[in-house]
Structures are given as C-alpha cells and as structure tokens.
$ cat upload.pdb   # PDB, C-alpha atoms
ATOM      1  CA  MET A 275      96.436  89.355 137.358  1.00  0.00           C
ATOM      2  CA  SER A 276      92.738  88.572 137.059  1.00  0.00           C
ATOM      3  CA  ARG A 277      92.513  88.319 140.851  1.00  0.00           C
ATOM      4  CA  LEU A 278      93.989  91.789 141.146  1.00  0.00           C
ATOM      5  CA  TRP A 279      91.396  93.259 138.757  1.00  0.00           C
ATOM      6  CA  VAL A 280      88.552  91.490 140.550  1.00  0.00           C
ATOM      7  CA  ALA A 281      89.842  92.775 143.904  1.00  0.00           C
ATOM      8  CA  VAL A 282      90.053  96.358 142.581  1.00  0.00           C
ATOM      9  CA  LEU A 283      86.535  96.100 141.155  1.00  0.00           C
ATOM     10  CA  VAL A 284      85.072  94.681 144.376  1.00  0.00           C
ATOM     11  CA  LEU A 285      86.836  97.283 146.521  1.00  0.00           C
ATOM     12  CA  SER A 286      85.623 100.080 144.257  1.00  0.00           C
ATOM     13  CA  VAL A 287      82.011  98.925 144.411  1.00  0.00           C
ATOM     14  CA  LEU A 288      82.160  98.427 148.189  1.00  0.00           C
ATOM     15  CA  TYR A 289      83.687 101.858 148.697  1.00  0.00           C
ATOM     16  CA  GLY A 290      81.002 103.457 146.524  1.00  0.00           C
ATOM     17  CA  LEU A 291      78.269 101.691 148.468  1.00  0.00           C
ATOM     18  CA  PHE A 292      79.650 102.452 151.944  1.00  0.00           C
ATOM     19  CA  ALA A 293      80.544 106.046 151.055  1.00  0.00           C
ATOM     20  CA  GLY A 294      76.885 106.705 150.320  1.00  0.00           C
ATOM     21  CA  PHE A 295      76.881 106.588 146.534  1.00  0.00           C
ATOM     22  CA  PRO A 296      74.799 103.485 145.734  1.00  0.00           C
ATOM     23  CA  ALA A 297      72.812 105.245 142.981  1.00  0.00           C
ATOM     24  CA  GLU A 298      76.008 106.440 141.282  1.00  0.00           C
ATOM     25  CA  VAL A 299      77.545 102.950 141.481  1.00  0.00           C
ATOM     26  CA  GLY A 300      74.439 101.441 139.872  1.00  0.00           C
ATOM     27  CA  ALA A 301      74.316 104.128 137.179  1.00  0.00           C
ATOM     28  CA  ALA A 302      77.999 103.663 136.380  1.00  0.00           C
ATOM     29  CA  ALA A 303      77.508  99.899 136.061  1.00  0.00           C
ATOM     30  CA  MET A 304      74.505 100.357 133.772  1.00  0.00           C
ATOM     31  CA  GLU A 305      76.323 102.886 131.558  1.00  0.00           C
ATOM     32  CA  GLY A 306      79.694 101.177 131.599  1.00  0.00           C
ATOM     33  CA  ALA A 307      78.599  97.689 130.603  1.00  0.00           C
ATOM     34  CA  PRO A 308      77.224  98.598 127.140  1.00  0.00           C
ATOM     35  CA  ALA A 309      80.165 100.935 126.502  1.00  0.00           C
ATOM     36  CA  ALA A 310      82.605  98.138 127.386  1.00  0.00           C
ATOM     37  CA  VAL A 311      80.863  95.677 125.065  1.00  0.00           C
ATOM     38  CA  GLU A 312      80.825  98.226 122.224  1.00  0.00           C
ATOM     39  CA  PHE A 313      84.519  98.983 122.763  1.00  0.00           C
ATOM     40  CA  MET A 314      85.444  95.282 122.788  1.00  0.00           C
ATOM     41  CA  LEU A 315      83.496  94.592 119.579  1.00  0.00           C
ATOM     42  CA  THR A 316      85.044  97.593 117.812  1.00  0.00           C
ATOM     43  CA  THR A 317      88.547  96.732 118.987  1.00  0.00           C
ATOM     44  CA  GLY A 318      88.090  93.029 118.214  1.00  0.00           C
ATOM     45  CA  ALA A 319      86.897  93.832 114.694  1.00  0.00           C
ATOM     46  CA  LEU A 320      89.903  96.090 114.118  1.00  0.00           C
ATOM     47  CA  ILE A 321      92.291  93.416 115.360  1.00  0.00           C
ATOM     48  CA  CYS A 322      90.672  90.869 113.042  1.00  0.00           C
ATOM     49  CA  LEU A 323      90.862  93.274 110.109  1.00  0.00           C
ATOM     50  CA  TRP A 324      94.544  94.125 110.523  1.00  0.00           C
ATOM     51  CA  SER A 325      95.516  90.555 111.355  1.00  0.00           C
ATOM     52  CA  GLY A 326      93.810  89.568 108.109  1.00  0.00           C
ATOM     53  CA  VAL A 327      95.751  92.245 106.237  1.00  0.00           C
ATOM     54  CA  MET A 328      98.931  90.854 107.765  1.00  0.00           C
ATOM     55  CA  GLU A 329      98.002  87.333 106.616  1.00  0.00           C
ATOM     56  CA  ILE A 330      97.255  88.571 103.087  1.00  0.00           C
ATOM     57  CA  MET A 331     100.642  90.295 103.040  1.00  0.00           C
ATOM     58  CA  ARG A 332     102.288  87.060 104.181  1.00  0.00           C
ATOM     59  CA  ARG A 333     100.564  84.969 101.503  1.00  0.00           C
ATOM     60  CA  ALA A 334     101.355  87.544  98.809  1.00  0.00           C
ATOM     61  CA  GLY A 335     105.046  87.396  99.706  1.00  0.00           C
ATOM     62  CA  LEU A 336     105.214  90.994 100.944  1.00  0.00           C
ATOM     63  CA  MET A 337     106.185  89.871 104.438  1.00  0.00           C
ATOM     64  CA  ASP A 338     109.141  87.941 103.034  1.00  0.00           C
ATOM     65  CA  LYS A 339     110.327  91.045 101.186  1.00  0.00           C
ATOM     66  CA  LEU A 340     109.926  93.173 104.291  1.00  0.00           C
ATOM     67  CA  SER A 341     111.739  90.513 106.313  1.00  0.00           C
ATOM     68  CA  ARG A 342     114.658  90.522 103.891  1.00  0.00           C
ATOM     69  CA  ALA A 343     114.817  94.310 104.094  1.00  0.00           C
ATOM     70  CA  LEU A 344     114.845  94.194 107.919  1.00  0.00           C
ATOM     71  CA  SER A 345     117.251  91.280 108.172  1.00  0.00           C
ATOM     72  CA  PRO A 346     120.530  93.298 108.080  1.00  0.00           C
ATOM     73  CA  VAL A 347     119.372  95.581 110.891  1.00  0.00           C
ATOM     74  CA  LEU A 348     118.106  92.692 113.001  1.00  0.00           C
ATOM     75  CA  ARG A 349     121.322  90.746 112.496  1.00  0.00           C
ATOM     76  CA  ARG A 350     123.264  93.707 113.923  1.00  0.00           C
ATOM     77  CA  LEU A 351     120.899  94.133 116.875  1.00  0.00           C
ATOM     78  CA  PHE A 352     120.557  90.417 117.646  1.00  0.00           C
ATOM     79  CA  PRO A 353     123.761  88.800 116.328  1.00  0.00           C
ATOM     80  CA  ARG A 354     123.554  85.552 118.318  1.00  0.00           C
ATOM     81  CA  SER A 355     119.816  84.939 118.048  1.00  0.00           C
ATOM     82  CA  THR A 356     119.530  85.590 114.316  1.00  0.00           C
ATOM     83  CA  ARG A 357     121.881  82.700 113.514  1.00  0.00           C
ATOM     84  CA  ASP A 358     118.802  80.515 113.913  1.00  0.00           C
ATOM     85  CA  SER A 359     116.508  80.973 110.887  1.00  0.00           C
ATOM     86  CA  GLU A 360     113.310  80.339 112.864  1.00  0.00           C
ATOM     87  CA  THR A 361     114.226  82.980 115.440  1.00  0.00           C
ATOM     88  CA  LEU A 362     115.109  85.424 112.661  1.00  0.00           C
ATOM     89  CA  SER A 363     111.771  84.707 110.977  1.00  0.00           C
ATOM     90  CA  ALA A 364     109.853  85.327 114.199  1.00  0.00           C
ATOM     91  CA  LEU A 365     111.843  88.510 114.860  1.00  0.00           C
ATOM     92  CA  THR A 366     111.256  89.914 111.394  1.00  0.00           C
ATOM     93  CA  GLY A 367     107.560  89.090 111.570  1.00  0.00           C
ATOM     94  CA  ASN A 368     107.301  90.787 114.941  1.00  0.00           C
ATOM     95  CA  VAL A 369     109.116  93.931 113.842  1.00  0.00           C
ATOM     96  CA  SER A 370     107.223  94.029 110.532  1.00  0.00           C
ATOM     97  CA  ALA A 371     103.862  93.863 112.291  1.00  0.00           C
ATOM     98  CA  ASN A 372     104.942  96.586 114.710  1.00  0.00           C
ATOM     99  CA  LEU A 373     106.090  98.783 111.803  1.00  0.00           C
ATOM    100  CA  LEU A 374     102.589  98.509 110.399  1.00  0.00           C
ATOM    101  CA  GLY A 375     101.044  99.331 113.771  1.00  0.00           C
ATOM    102  CA  LEU A 376      99.664  95.833 114.226  1.00  0.00           C
ATOM    103  CA  GLY A 377     100.800  95.277 117.802  1.00  0.00           C
ATOM    104  CA  ASN A 378      98.290  92.509 118.471  1.00  0.00           C
ATOM    105  CA  ALA A 379      99.355  90.628 115.351  1.00  0.00           C
ATOM    106  CA  ALA A 380     102.997  91.090 116.403  1.00  0.00           C
ATOM    107  CA  THR A 381     102.556  89.500 119.812  1.00  0.00           C
ATOM    108  CA  PRO A 382     102.526  85.795 118.821  1.00  0.00           C
ATOM    109  CA  MET A 383     105.673  86.233 116.733  1.00  0.00           C
ATOM    110  CA  GLY A 384     107.369  88.161 119.530  1.00  0.00           C
ATOM    111  CA  VAL A 385     106.518  85.426 122.008  1.00  0.00           C
ATOM    112  CA  ARG A 386     107.876  82.782 119.610  1.00  0.00           C
ATOM    113  CA  ALA A 387     111.120  84.749 119.161  1.00  0.00           C
ATOM    114  CA  ALA A 388     111.416  85.254 122.931  1.00  0.00           C
ATOM    115  CA  GLU A 389     110.932  81.531 123.623  1.00  0.00           C
ATOM    116  CA  ARG A 390     113.625  80.598 121.116  1.00  0.00           C
ATOM    117  CA  MET A 391     116.008  83.239 122.529  1.00  0.00           C
ATOM    118  CA  ALA A 392     115.426  81.978 126.071  1.00  0.00           C
ATOM    119  CA  ARG A 393     116.146  78.396 125.001  1.00  0.00           C
ATOM    120  CA  GLY A 394     119.380  79.566 123.403  1.00  0.00           C
ATOM    121  CA  GLY A 395     120.418  81.410 126.567  1.00  0.00           C
ATOM    122  CA  HIS A 396     120.501  84.790 124.833  1.00  0.00           C
ATOM    123  CA  THR A 397     119.154  86.764 127.794  1.00  0.00           C
ATOM    124  CA  GLY A 398     120.753  90.071 126.797  1.00  0.00           C
ATOM    125  CA  GLU A 399     119.185  89.897 123.363  1.00  0.00           C
ATOM    126  CA  LEU A 400     115.895  88.797 124.917  1.00  0.00           C
ATOM    127  CA  CYS A 401     115.880  91.968 127.034  1.00  0.00           C
ATOM    128  CA  LEU A 402     116.622  93.991 123.910  1.00  0.00           C
ATOM    129  CA  LEU A 403     113.698  92.309 122.130  1.00  0.00           C
ATOM    130  CA  VAL A 404     111.367  93.352 124.939  1.00  0.00           C
ATOM    131  CA  VAL A 405     112.653  96.927 124.668  1.00  0.00           C
ATOM    132  CA  VAL A 406     112.343  97.061 120.871  1.00  0.00           C
ATOM    133  CA  ASN A 407     108.922  95.434 120.949  1.00  0.00           C
ATOM    134  CA  THR A 408     107.662  97.758 123.669  1.00  0.00           C
ATOM    135  CA  ALA A 409     109.018 100.922 122.027  1.00  0.00           C
ATOM    136  CA  SER A 410     107.676  99.671 118.680  1.00  0.00           C
ATOM    137  CA  LEU A 411     108.840 101.773 115.758  1.00  0.00           C
ATOM    138  CA  GLN A 412     105.689 102.445 113.721  1.00  0.00           C
ATOM    139  CA  LEU A 413     105.324 103.662 110.169  1.00  0.00           C
ATOM    140  CA  LEU A 414     101.562 103.201 110.040  1.00  0.00           C
ATOM    141  CA  PRO A 415      99.781 103.350 113.407  1.00  0.00           C
ATOM    142  CA  THR A 416      96.811 101.436 112.043  1.00  0.00           C
ATOM    143  CA  THR A 417      95.336 100.407 115.373  1.00  0.00           C
ATOM    144  CA  ALA A 418      95.507 103.931 116.806  1.00  0.00           C
ATOM    145  CA  ALA A 419      94.100 105.409 113.591  1.00  0.00           C
ATOM    146  CA  SER A 420      91.289 102.843 113.537  1.00  0.00           C
ATOM    147  CA  LEU A 421      90.350 103.674 117.114  1.00  0.00           C
ATOM    148  CA  ARG A 422      90.449 107.392 116.280  1.00  0.00           C
ATOM    149  CA  ALA A 423      88.190 106.783 113.279  1.00  0.00           C
ATOM    150  CA  ALA A 424      85.773 104.773 115.436  1.00  0.00           C
ATOM    151  CA  GLU A 425      85.577 107.727 117.827  1.00  0.00           C
ATOM    152  CA  GLY A 426      84.760 110.102 114.953  1.00  0.00           C
ATOM    153  CA  ALA A 427      88.123 111.698 114.117  1.00  0.00           C
ATOM    154  CA  ALA A 428      87.905 113.536 110.777  1.00  0.00           C
ATOM    155  CA  ALA A 429      91.516 112.712 109.861  1.00  0.00           C
ATOM    156  CA  PRO A 430      92.572 109.641 111.866  1.00  0.00           C
ATOM    157  CA  PHE A 431      96.055 109.524 110.320  1.00  0.00           C
ATOM    158  CA  ASP A 432      96.935 113.151 111.061  1.00  0.00           C
ATOM    159  CA  ILE A 433      98.963 111.813 113.982  1.00  0.00           C
ATOM    160  CA  LEU A 434     101.622 110.346 111.654  1.00  0.00           C
ATOM    161  CA  PRO A 435     104.403 112.936 112.195  1.00  0.00           C
ATOM    162  CA  ALA A 436     104.032 112.750 115.971  1.00  0.00           C
ATOM    163  CA  VAL A 437     103.969 108.934 115.898  1.00  0.00           C
ATOM    164  CA  TRP A 438     107.053 108.775 113.678  1.00  0.00           C
ATOM    165  CA  LEU A 439     109.034 111.189 115.836  1.00  0.00           C
ATOM    166  CA  SER A 440     108.028 109.677 119.151  1.00  0.00           C
ATOM    167  CA  SER A 441     108.521 106.066 118.040  1.00  0.00           C
ATOM    168  CA  ILE A 442     111.958 106.790 116.527  1.00  0.00           C
ATOM    169  CA  CYS A 443     113.034 108.554 119.711  1.00  0.00           C
ATOM    170  CA  SER A 444     111.679 105.817 121.984  1.00  0.00           C
ATOM    171  CA  VAL A 445     113.291 102.994 119.987  1.00  0.00           C
ATOM    172  CA  CYS A 446     116.672 104.762 119.837  1.00  0.00           C
ATOM    173  CA  ALA A 447     116.583 105.603 123.548  1.00  0.00           C
ATOM    174  CA  GLY A 448     115.510 102.070 124.431  1.00  0.00           C
ATOM    175  CA  ILE A 449     118.223 100.420 122.338  1.00  0.00           C
ATOM    176  CA  ALA A 450     120.886 102.767 123.726  1.00  0.00           C
ATOM    177  CA  ALA A 451     119.777 102.116 127.306  1.00  0.00           C
ATOM    178  CA  ALA A 452     119.610  98.342 126.774  1.00  0.00           C
ATOM    179  CA  LYS A 453     123.060  98.231 125.183  1.00  0.00           C
ATOM    180  CA  LEU A 454     124.549 100.462 127.914  1.00  0.00           C
ATOM    181  CA  LEU A 455     123.008  98.431 130.725  1.00  0.00           C
ATOM    182  CA  ALA A 456     124.144  95.180 129.081  1.00  0.00           C
ATOM    183  CA  ARG A 457     127.735  96.468 129.072  1.00  0.00           C
ATOM    184  CA  LEU A 458     127.526  97.695 132.674  1.00  0.00           C
ATOM    185  CA  TRP A 459     125.968  94.409 133.797  1.00  0.00           C
ATOM    186  CA  ARG A 460     128.788  92.374 132.220  1.00  0.00           C
ATOM    187  CA  GLY A 461     131.553  94.682 133.401  1.00  0.00           C
TER     188      GLY A 461
END

$ encode --input "upload.pdb" --output "structure tokens"
Amino acid sequence: MSRLWVAVLVLSVLYGLFAGFPAEVGAAAMEGAPAAVEFMLTTGALICLWSGVMEIMRRAGLMDKLSRALSPVLRRLFPRSTRDSETLSALTGNVSANLLGLGNAATPMGVRAAERMARGGHTGELCLLVVVNTASLQLLPTTAASLRAAEGAAAPFDILPAVWLSSICSVCAGIAAAKLLARLWRG
C-alpha cells in the first residue's frame, strides 16, 4: 500500500511539473507539510486521550459491565465464536470501543477477535465481524466530535442525532446483508 501512495505522489508531482505548474507544486508542498504535521499531532493527541479514557474505563470495571450488557446480543450474532471466552472478550471490547466512537482503540481488539475466529474456522462470523466493525454503531462519536472541536465547531456534538440514525441504519443493513449472503452462499 505504501508503494501505491508513493507512486501516486510521484506521479502527481511529475504531472504538475511537466504541465507547467512548478510554482504551484512547490507552494502546495510548502503549505501542505505544516498542515499535515499539525493534523497528525492533533489526531494523535485525540487518539491518545480516548485510548486513555478506554483504559481508565477498563480498570474501573466499566468495560466489564458494558461487556456483560453486550454479551447477549453478541452471542446471538456470533453463536459459534462466542463459545470461546477470549474471543467474546475481544468482541465485546471491540464493540464497546466502537459504541464510544473510539475506532482506533477498537482496532486491536477487533484484530484479536478476527484472528481467533479465523483459527476456529468461523469464516461466516468473521465476515459479519468485519461488517459490524465497519458499520460501527456509535453512541458517542468522540473522535468525530474531537476533530470538529479542533476545527472550531461551536457545538461539536450537535451531530449526535444524525450519527445515531445513520449508524443504526448502516449496522442493520450490514447485518441483514451479511446474514442473507451467508444463507445464499451456503445454499
């Protein structure tokens, strides 16, 4: 993937130079570099903050309570995979982090759950995990709100109703499609 990005960058610069826009290419590079560094620092700080919040929740026992609350739903969605307690733990951690809008904190747990599902040969449930993780039902879109606040939004959480509606619709549509395709694939 990194080779693809490097190739796109090189082709873009070469095109700009040969098309007669060397000044614009230089100006874009000079303006873009500091903006990219600022964006990475802001985003990195937000990821650290919310990952820390997630760790505090885990140590305080709130993650266990949320996991227990999510367990019945996850057992119905992933009946074979959740027989293994470690897979269930990774799944609940992943879904919990996504509910709180902490997609980057959810990734390691999602990868752990996916690895355990793949080892168990639960490919249908693994596909469903990818769908659920990608659609990501969110109660608190903390990352999006943090980025909005960093860009100067007066009310960064005013997007809540739209996020709730769109994430509920996307998760339901994704689960329905995954279940339907799993049945068609078998039959």

$ resolve_selection --input "upload.pdb" --expression "the PyMOL selection byres ((chain A and resi 315-332) around 12)" --output "CSV table (one decimal) with C-alpha atoms, in the coordinates of the input"
chain,number,residue,atom,x,y,z
A,308,PRO,CA,77.2,98.6,127.1
A,309,ALA,CA,80.2,100.9,126.5
A,310,ALA,CA,82.6,98.1,127.4
A,311,VAL,CA,80.9,95.7,125.1
A,312,GLU,CA,80.8,98.2,122.2
A,313,PHE,CA,84.5,99.0,122.8
A,314,MET,CA,85.4,95.3,122.8
A,333,ARG,CA,100.6,85.0,101.5
A,334,ALA,CA,101.4,87.5,98.8
A,335,GLY,CA,105.0,87.4,99.7
A,336,LEU,CA,105.2,91.0,100.9
A,337,MET,CA,106.2,89.9,104.4
A,338,ASP,CA,109.1,87.9,103.0
A,339,LYS,CA,110.3,91.0,101.2
A,340,LEU,CA,109.9,93.2,104.3
A,341,SER,CA,111.7,90.5,106.3
A,363,SER,CA,111.8,84.7,111.0
A,366,THR,CA,111.3,89.9,111.4
A,367,GLY,CA,107.6,89.1,111.6
A,368,ASN,CA,107.3,90.8,114.9
A,370,SER,CA,107.2,94.0,110.5
A,371,ALA,CA,103.9,93.9,112.3
A,372,ASN,CA,104.9,96.6,114.7
A,373,LEU,CA,106.1,98.8,111.8
A,374,LEU,CA,102.6,98.5,110.4
A,375,GLY,CA,101.0,99.3,113.8
A,376,LEU,CA,99.7,95.8,114.2
A,377,GLY,CA,100.8,95.3,117.8
A,378,ASN,CA,98.3,92.5,118.5
A,379,ALA,CA,99.4,90.6,115.4
A,380,ALA,CA,103.0,91.1,116.4
A,381,THR,CA,102.6,89.5,119.8
A,382,PRO,CA,102.5,85.8,118.8
A,414,LEU,CA,101.6,103.2,110.0
A,415,PRO,CA,99.8,103.4,113.4
A,416,THR,CA,96.8,101.4,112.0
A,417,THR,CA,95.3,100.4,115.4
A,418,ALA,CA,95.5,103.9,116.8
A,419,ALA,CA,94.1,105.4,113.6
A,420,SER,CA,91.3,102.8,113.5
A,421,LEU,CA,90.4,103.7,117.1
A,422,ARG,CA,90.4,107.4,116.3
A,423,ALA,CA,88.2,106.8,113.3
A,424,ALA,CA,85.8,104.8,115.4
A,425,GLU,CA,85.6,107.7,117.8

$ atom_distance --input "upload.pdb" --atom1 "atom CA of Ser359 of chain A" --atom2 "atom CA of Val445 of chain A"
24.0 Å

$ resolve_selection --input "upload.pdb" --expression "the PyMOL selection byres ((chain A and resi 390) around 10)" --output "ChimeraX atom specification"
/A:355,358,360-362,364,384-389,391-396,400

$ resolve_selection --input "upload.pdb" --expression "the PyMOL selection byres ((chain A and resi 407) around 8)" --output "PyMOL selection string"
chain A and resi 368-369+372+384+403-406+408-410

$ atom_distance --input "upload.pdb" --atom1 "atom CA of Pro346 of chain A" --atom2 "atom CA of Ser440 of chain A"
23.4 Å

$ decode --input "upload.pdb" --residues "segment 295-406 of chain A" --atoms "C-alpha atoms" --output "PDB file, in the first residue's frame"
ATOM      1  CA  PHE A 295       2.846  24.374 -12.703  1.00  0.00           C
ATOM      2  CA  PRO A 296       6.177  24.129 -10.845  1.00  0.00           C
ATOM      3  CA  ALA A 297       5.434  27.166  -8.642  1.00  0.00           C
ATOM      4  CA  GLU A 298       2.053  25.737  -7.616  1.00  0.00           C
ATOM      5  CA  VAL A 299       3.608  22.338  -6.831  1.00  0.00           C
ATOM      6  CA  GLY A 300       6.235  23.999  -4.628  1.00  0.00           C
ATOM      7  CA  ALA A 301       3.649  26.189  -2.895  1.00  0.00           C
ATOM      8  CA  ALA A 302       1.388  23.208  -2.243  1.00  0.00           C
ATOM      9  CA  ALA A 303       4.300  21.262  -0.744  1.00  0.00           C
ATOM     10  CA  MET A 304       5.269  24.185   1.489  1.00  0.00           C
ATOM     11  CA  GLU A 305       1.680  24.723   2.685  1.00  0.00           C
ATOM     12  CA  GLY A 306       0.741  21.071   2.946  1.00  0.00           C
ATOM     13  CA  ALA A 307       3.656  19.860   5.042  1.00  0.00           C
ATOM     14  CA  PRO A 308       2.929  22.002   8.140  1.00  0.00           C
ATOM     15  CA  ALA A 309      -0.807  21.327   7.824  1.00  0.00           C
ATOM     16  CA  ALA A 310      -0.137  17.573   7.684  1.00  0.00           C
ATOM     17  CA  VAL A 311       2.094  17.701  10.764  1.00  0.00           C
ATOM     18  CA  GLU A 312      -0.490  19.762  12.675  1.00  0.00           C
ATOM     19  CA  PHE A 313      -3.257  17.341  11.680  1.00  0.00           C
ATOM     20  CA  MET A 314      -1.205  14.303  12.736  1.00  0.00           C
ATOM     21  CA  LEU A 315      -0.353  15.837  16.126  1.00  0.00           C
ATOM     22  CA  THR A 316      -3.980  16.810  16.770  1.00  0.00           C
ATOM     23  CA  THR A 317      -5.294  13.422  15.684  1.00  0.00           C
ATOM     24  CA  GLY A 318      -2.574  11.556  17.592  1.00  0.00           C
ATOM     25  CA  ALA A 319      -3.358  13.500  20.765  1.00  0.00           C
ATOM     26  CA  LEU A 320      -7.063  12.716  20.410  1.00  0.00           C
ATOM     27  CA  ILE A 321      -6.347   9.026  19.895  1.00  0.00           C
ATOM     28  CA  CYS A 322      -4.133   9.006  22.991  1.00  0.00           C
ATOM     29  CA  LEU A 323      -6.787  10.815  25.018  1.00  0.00           C
ATOM     30  CA  TRP A 324      -9.647   8.482  24.113  1.00  0.00           C
ATOM     31  CA  SER A 325      -7.496   5.369  24.361  1.00  0.00           C
ATOM     32  CA  GLY A 326      -6.597   6.537  27.861  1.00  0.00           C
ATOM     33  CA  VAL A 327     -10.276   7.024  28.678  1.00  0.00           C
ATOM     34  CA  MET A 328     -10.905   3.493  27.442  1.00  0.00           C
ATOM     35  CA  GLU A 329      -8.116   2.159  29.683  1.00  0.00           C
ATOM     36  CA  ILE A 330      -9.500   4.039  32.700  1.00  0.00           C
ATOM     37  CA  MET A 331     -12.921   2.548  31.982  1.00  0.00           C
ATOM     38  CA  ARG A 332     -11.356  -0.914  31.787  1.00  0.00           C
ATOM     39  CA  ARG A 333      -9.501  -0.513  35.090  1.00  0.00           C
ATOM     40  CA  ALA A 334     -12.596   0.910  36.797  1.00  0.00           C
ATOM     41  CA  GLY A 335     -14.616  -2.133  35.742  1.00  0.00           C
ATOM     42  CA  LEU A 336     -16.945  -0.182  33.445  1.00  0.00           C
ATOM     43  CA  MET A 337     -15.797  -2.155  30.411  1.00  0.00           C
ATOM     44  CA  ASP A 338     -16.714  -5.412  32.140  1.00  0.00           C
ATOM     45  CA  LYS A 339     -20.205  -4.085  32.853  1.00  0.00           C
ATOM     46  CA  LEU A 340     -20.601  -2.908  29.278  1.00  0.00           C
ATOM     47  CA  SER A 341     -19.307  -6.268  28.058  1.00  0.00           C
ATOM     48  CA  ARG A 342     -21.866  -8.124  30.156  1.00  0.00           C
ATOM     49  CA  ALA A 343     -24.613  -5.892  28.782  1.00  0.00           C
ATOM     50  CA  LEU A 344     -23.485  -6.562  25.187  1.00  0.00           C
ATOM     51  CA  SER A 345     -22.884 -10.268  25.684  1.00  0.00           C
ATOM     52  CA  PRO A 346     -26.459 -11.484  24.927  1.00  0.00           C
ATOM     53  CA  VAL A 347     -26.560  -9.587  21.633  1.00  0.00           C
ATOM     54  CA  LEU A 348     -23.099 -10.757  20.609  1.00  0.00           C
ATOM     55  CA  ARG A 349     -23.921 -14.358  21.472  1.00  0.00           C
ATOM     56  CA  ARG A 350     -26.885 -14.190  19.071  1.00  0.00           C
ATOM     57  CA  LEU A 351     -24.846 -12.563  16.299  1.00  0.00           C
ATOM     58  CA  PHE A 352     -21.762 -14.757  16.739  1.00  0.00           C
ATOM     59  CA  PRO A 353     -23.037 -18.019  18.271  1.00  0.00           C
ATOM     60  CA  ARG A 354     -20.034 -20.204  17.401  1.00  0.00           C
ATOM     61  CA  SER A 355     -17.266 -17.700  18.100  1.00  0.00           C
ATOM     62  CA  THR A 356     -18.584 -16.511  21.459  1.00  0.00           C
ATOM     63  CA  ARG A 357     -18.259 -20.001  22.953  1.00  0.00           C
ATOM     64  CA  ASP A 358     -14.609 -19.088  23.458  1.00  0.00           C
ATOM     65  CA  SER A 359     -14.301 -16.596  26.343  1.00  0.00           C
ATOM     66  CA  GLU A 360     -11.241 -14.854  24.880  1.00  0.00           C
ATOM     67  CA  THR A 361     -12.998 -14.279  21.558  1.00  0.00           C
ATOM     68  CA  LEU A 362     -16.082 -12.995  23.380  1.00  0.00           C
ATOM     69  CA  SER A 363     -13.891 -10.648  25.424  1.00  0.00           C
ATOM     70  CA  ALA A 364     -12.202  -9.280  22.306  1.00  0.00           C
ATOM     71  CA  LEU A 365     -15.569  -8.894  20.561  1.00  0.00           C
ATOM     72  CA  THR A 366     -17.157  -7.041  23.456  1.00  0.00           C
ATOM     73  CA  GLY A 367     -14.142  -4.768  23.794  1.00  0.00           C
ATOM     74  CA  ASN A 368     -14.248  -4.010  20.088  1.00  0.00           C
ATOM     75  CA  VAL A 369     -17.963  -3.250  20.037  1.00  0.00           C
ATOM     76  CA  SER A 370     -17.736  -1.247  23.275  1.00  0.00           C
ATOM     77  CA  ALA A 371     -14.966   0.947  21.886  1.00  0.00           C
ATOM     78  CA  ASN A 372     -16.929   1.472  18.677  1.00  0.00           C
ATOM     79  CA  LEU A 373     -20.043   2.418  20.678  1.00  0.00           C
ATOM     80  CA  LEU A 374     -17.986   5.126  22.332  1.00  0.00           C
ATOM     81  CA  GLY A 375     -16.640   6.313  18.983  1.00  0.00           C
ATOM     82  CA  LEU A 376     -13.131   5.095  19.726  1.00  0.00           C
ATOM     83  CA  GLY A 377     -12.470   3.342  16.428  1.00  0.00           C
ATOM     84  CA  ASN A 378      -8.695   3.413  16.819  1.00  0.00           C
ATOM     85  CA  ALA A 379      -8.907   1.886  20.287  1.00  0.00           C
ATOM     86  CA  ALA A 380     -11.287  -0.758  18.900  1.00  0.00           C
ATOM     87  CA  THR A 381      -8.922  -1.935  16.186  1.00  0.00           C
ATOM     88  CA  PRO A 382      -6.536  -4.094  18.273  1.00  0.00           C
ATOM     89  CA  MET A 383      -9.454  -5.905  19.906  1.00  0.00           C
ATOM     90  CA  GLY A 384     -11.143  -6.405  16.541  1.00  0.00           C
ATOM     91  CA  VAL A 385      -7.955  -7.850  15.093  1.00  0.00           C
ATOM     92  CA  ARG A 386      -7.610 -10.189  18.093  1.00  0.00           C
ATOM     93  CA  ALA A 387     -11.225 -11.357  17.691  1.00  0.00           C
ATOM     94  CA  ALA A 388     -10.728 -11.832  13.939  1.00  0.00           C
ATOM     95  CA  GLU A 389      -7.569 -13.909  14.465  1.00  0.00           C
ATOM     96  CA  ARG A 390      -9.334 -16.173  16.950  1.00  0.00           C
ATOM     97  CA  MET A 391     -12.357 -16.540  14.632  1.00  0.00           C
ATOM     98  CA  ALA A 392     -10.099 -17.423  11.700  1.00  0.00           C
ATOM     99  CA  ARG A 393      -8.305 -20.066  13.774  1.00  0.00           C
ATOM    100  CA  GLY A 394     -11.665 -21.555  14.709  1.00  0.00           C
ATOM    101  CA  GLY A 395     -12.767 -21.662  11.067  1.00  0.00           C
ATOM    102  CA  HIS A 396     -15.713 -19.337  11.662  1.00  0.00           C
ATOM    103  CA  THR A 397     -15.431 -17.513   8.335  1.00  0.00           C
ATOM    104  CA  GLY A 398     -19.096 -16.501   8.151  1.00  0.00           C
ATOM    105  CA  GLU A 399     -18.918 -14.898  11.569  1.00  0.00           C
ATOM    106  CA  LEU A 400     -15.584 -13.316  10.657  1.00  0.00           C
ATOM    107  CA  CYS A 401     -17.247 -11.628   7.671  1.00  0.00           C
ATOM    108  CA  LEU A 402     -20.036 -10.450   9.959  1.00  0.00           C
ATOM    109  CA  LEU A 403     -17.450  -9.012  12.366  1.00  0.00           C
ATOM    110  CA  VAL A 404     -15.912  -7.000   9.536  1.00  0.00           C
ATOM    111  CA  VAL A 405     -19.365  -5.691   8.602  1.00  0.00           C
ATOM    112  CA  VAL A 406     -20.317  -4.798  12.183  1.00  0.00           C
TER     113      VAL A 406
END
